[in-house]
Amino acid sequence: MNDTNTMHAALRGNATTIAIETDADEIETALAQWWHDNARDLPWRFGRTTPWGVLVSEVMSQQTQMGRVVPYWTAWMERWPDAAALAEAPKSDVITAWGRLGYPRRALRLQECAHVIAYDYADELPHTYDELLALPGIGDYTASAVLSFAFGERIAVVDTNIRRVLSRAFVGVESLGGSASPAERALAKRLLPDDDSAKCRRFDRPSVVWNQAVMELGATVCTAKSPLCEACPIAGKCAFLRNGRPGLGQRRTRPRQLFQGTDRQVRGLVLNALRGLPDGETVLDRKSVERLWKDHVQLDKCIASLDEDGLIEILPGGGVRLPV
DNA sequence: ATCCAGTTTG
DNA sequence: CAAACAGGAT
């Protein structure tokens, strides 16, 4: 029962049914109260924005800390309040406004997404998982998150925080591996509270509060490396803590490629140079491009990949610019 | 399984 | 300095 390998096997679904804690109801109650008292006051929460605003916040938050997203989201929504507005914007403005959020392809995908919503859906977000999943840049997590947080639908949201918290609290082990296993998804589904007889605002429904509370707990208390178990509202019912936190902080993913010297760094340099062009100038000439990186073979490879991604355009003389 | 890309944290 | 971060596409 306390054997880590056995429980990892159970989490992968190789063993018989996991003995889920019977006090799941108490955990739900404690987390709902904790959410009520501790939820960060982010501008896209508590029904203060449109479904489109929620989608924008989710895309910006993919692999980017929420705290850094807030100022970008606020400026973005003021400039482009809905999908139709973003669909009309020049790409160069979109890329520039994305600034240093990282992963600039997300900005282009968000605009493609805005095109589809504006023209195919009359500027209203679709309400079904399959339709949302089909949108550019929207995967399982974001589709589920929009359904839950924007529309109040009862659906299990599975992200890295929720995986970590549910695995720790209910199975007693760290969540391992790259993507969510079927067993982890099943666990999330099984624990999702019912919304029956809940006559309240969309964002106050039990399943929505549960998704947000578990995620928030993972982001602020039940963190990967050094969880603040002293401050955790469910510490008394946590299987991981009871087990002595086996394998705490154990690496879940393979070591990542170093940044220094990689294509990512070079791509970042090129985009940053284009963003930093003086007012009125739109083109970075070949000489300036070559000054960015000594290895011209790698440089040209990165320029080509940026062009393929639609993030830049290559001009006849070898200069580059942001697409219009 | 890898790539993407910028910042914060331990 | 490496890991981690409300992932998605290939």
# chains A, B, ... in the order shown; residues from 1 in each chain; ligands from 1
>>> residues_around(residues="DA5 (chain B)", least_positions_apart="2", cutoff="12 Å", atoms="only C-alpha atoms (C1' of nucleotides)", output="PyMOL selection string")
(chain A and resi 63-64+99-106+257-260+262-269+271-272) or (chain B and resi 3+7) or (chain C and resi 5)
>>> write_last_selection(atoms="N, CA and C atoms (P, O5', C5', C4', C3', O3' and C1' of nucleotides)", output="mmCIF file, in the first residue's frame")
data_model
loop_
_atom_site.group_PDB
_atom_site.id
_atom_site.type_symbol
_atom_site.label_atom_id
_atom_site.label_comp_id
_atom_site.auth_asym_id
_atom_site.auth_seq_id
_atom_site.Cartn_x
_atom_site.Cartn_y
_atom_site.Cartn_z
ATOM 1 N N GLN A 63 2.214 27.890 -20.526
ATOM 2 C CA GLN A 63 3.655 27.930 -20.272
ATOM 3 C C GLN A 63 4.155 29.306 -19.877
ATOM 4 N N THR A 64 3.279 30.141 -19.374
ATOM 5 C CA THR A 64 3.693 31.457 -18.900
ATOM 6 C C THR A 64 2.992 31.741 -17.573
ATOM 7 N N GLY A 99 4.812 40.940 -27.251
ATOM 8 C CA GLY A 99 5.966 41.344 -26.460
ATOM 9 C C GLY A 99 6.808 40.186 -26.008
ATOM 10 N N ARG A 100 7.109 40.151 -24.735
ATOM 11 C CA ARG A 100 8.000 39.133 -24.203
ATOM 12 C C ARG A 100 7.249 38.058 -23.439
ATOM 13 N N LEU A 101 6.045 37.791 -23.859
ATOM 14 C CA LEU A 101 5.301 36.704 -23.219
ATOM 15 C C LEU A 101 5.913 35.346 -23.530
ATOM 16 N N GLY A 102 6.617 35.271 -24.663
ATOM 17 C CA GLY A 102 7.230 34.001 -25.030
ATOM 18 C C GLY A 102 6.354 33.164 -25.955
ATOM 19 N N TYR A 103 6.973 32.250 -26.675
ATOM 20 C CA TYR A 103 6.253 31.395 -27.626
ATOM 21 C C TYR A 103 5.367 32.232 -28.551
ATOM 22 N N PRO A 104 5.975 33.100 -29.387
ATOM 23 C CA PRO A 104 5.177 34.034 -30.185
ATOM 24 C C PRO A 104 4.251 33.351 -31.188
ATOM 25 N N ARG A 105 4.500 32.065 -31.457
ATOM 26 C CA ARG A 105 3.545 31.384 -32.345
ATOM 27 C C ARG A 105 2.151 31.374 -31.737
ATOM 28 N N ARG A 106 2.097 31.433 -30.389
ATOM 29 C CA ARG A 106 0.780 31.478 -29.751
ATOM 30 C C ARG A 106 -0.007 32.707 -30.192
ATOM 31 N N GLN A 257 16.557 20.782 -23.210
ATOM 32 C CA GLN A 257 17.663 21.310 -23.996
ATOM 33 C C GLN A 257 18.068 22.673 -23.417
ATOM 34 N N LEU A 258 19.353 22.916 -23.342
ATOM 35 C CA LEU A 258 19.802 24.203 -22.864
ATOM 36 C C LEU A 258 19.371 25.289 -23.842
ATOM 37 N N PHE A 259 19.223 26.475 -23.310
ATOM 38 C CA PHE A 259 18.767 27.583 -24.156
ATOM 39 C C PHE A 259 19.927 28.201 -24.916
ATOM 40 N N GLN A 260 21.041 28.324 -24.225
ATOM 41 C CA GLN A 260 22.218 28.983 -24.781
ATOM 42 C C GLN A 260 22.660 28.310 -26.079
ATOM 43 N N THR A 262 20.928 27.722 -28.772
ATOM 44 C CA THR A 262 19.932 26.968 -29.527
ATOM 45 C C THR A 262 19.197 27.853 -30.519
ATOM 46 N N ASP A 263 18.443 27.187 -31.373
ATOM 47 C CA ASP A 263 17.618 27.915 -32.330
ATOM 48 C C ASP A 263 16.649 28.861 -31.627
ATOM 49 N N ARG A 264 16.197 28.439 -30.450
ATOM 50 C CA ARG A 264 15.263 29.300 -29.728
ATOM 51 C C ARG A 264 15.872 30.659 -29.421
ATOM 52 N N GLN A 265 17.135 30.614 -28.994
ATOM 53 C CA GLN A 265 17.774 31.877 -28.655
ATOM 54 C C GLN A 265 17.895 32.745 -29.906
ATOM 55 N N VAL A 266 18.289 32.132 -31.022
ATOM 56 C CA VAL A 266 18.494 32.887 -32.247
ATOM 57 C C VAL A 266 17.163 33.452 -32.754
ATOM 58 N N ARG A 267 16.121 32.639 -32.722
ATOM 59 C CA ARG A 267 14.793 33.122 -33.126
ATOM 60 C C ARG A 267 14.376 34.300 -32.258
ATOM 61 N N GLY A 268 14.624 34.179 -30.986
ATOM 62 C CA GLY A 268 14.274 35.258 -30.060
ATOM 63 C C GLY A 268 15.022 36.544 -30.387
ATOM 64 N N LEU A 269 16.304 36.406 -30.736
ATOM 65 C CA LEU A 269 17.098 37.585 -31.080
ATOM 66 C C LEU A 269 16.527 38.295 -32.302
ATOM 67 N N LEU A 271 13.414 38.176 -33.569
ATOM 68 C CA LEU A 271 12.127 38.814 -33.284
ATOM 69 C C LEU A 271 12.303 40.048 -32.411
ATOM 70 N N ASN A 272 13.198 39.943 -31.456
ATOM 71 C CA ASN A 272 13.409 41.063 -30.560
ATOM 72 C C ASN A 272 13.948 42.271 -31.321
ATOM 73 P P DC B 3 14.694 18.816 -30.162
ATOM 74 O "O5'" DC B 3 13.760 20.045 -30.561
ATOM 75 C "C5'" DC B 3 13.245 20.132 -31.886
ATOM 76 C "C4'" DC B 3 12.201 21.218 -31.939
ATOM 77 C "C3'" DC B 3 12.669 22.543 -31.317
ATOM 78 O "O3'" DC B 3 12.496 23.572 -32.263
ATOM 79 C "C1'" DC B 3 10.547 21.899 -30.462
ATOM 80 P P DT B 7 12.084 38.259 -20.795
ATOM 81 O "O5'" DT B 7 11.670 37.957 -19.287
ATOM 82 C "C5'" DT B 7 10.318 37.682 -18.987
ATOM 83 C "C4'" DT B 7 10.233 36.798 -17.782
ATOM 84 C "C3'" DT B 7 11.145 37.211 -16.621
ATOM 85 O "O3'" DT B 7 10.317 37.660 -15.565
ATOM 86 C "C1'" DT B 7 11.104 34.843 -16.969
ATOM 87 P P DC C 5 5.698 23.047 -12.641
ATOM 88 O "O5'" DC C 5 5.246 24.413 -13.343
ATOM 89 C "C5'" DC C 5 5.314 25.633 -12.602
ATOM 90 C "C4'" DC C 5 5.094 26.777 -13.568
ATOM 91 C "C3'" DC C 5 3.899 26.582 -14.509
ATOM 92 O "O3'" DC C 5 2.982 27.641 -14.332
ATOM 93 C "C1'" DC C 5 5.819 27.358 -15.683
#
>>> residues_around(residues="Leu299 (chain A)", least_positions_apart="2", cutoff="9 Å", atoms="only C-alpha atoms (C1' of nucleotides)", output="PyMOL selection string")
chain A and resi 263+266-267+270+289-290+292-297+301-304
>>> interface_residues(of="chain A", to="chain C", cutoff="7 Å", atoms="only C-alpha atoms (C1' of nucleotides)", output="list in words")
Glu58, Ser61, Gln62, Gln63, Thr64, Gln65, Gly137, Gly139 and Asp159 of chain A
>>> select_by_dssp(residues="region 96-187 of chain A", states="helix (DSSP H, G or I)", output="PyMOL selection string")
chain A and resi 96-98+105-120+129-133+140-149+160-171+182-187
>>> atom_distance(atom1="CA of Phe203 (chain A)", atom2="CA of Ala150 (chain A)")
7.6 Å
>>> closest_residue(among="A:Val209, A:Leu31, A:Met66, A:Val171", to="chain B", atoms="only C-alpha atoms (C1' of nucleotides)")
A:Met66
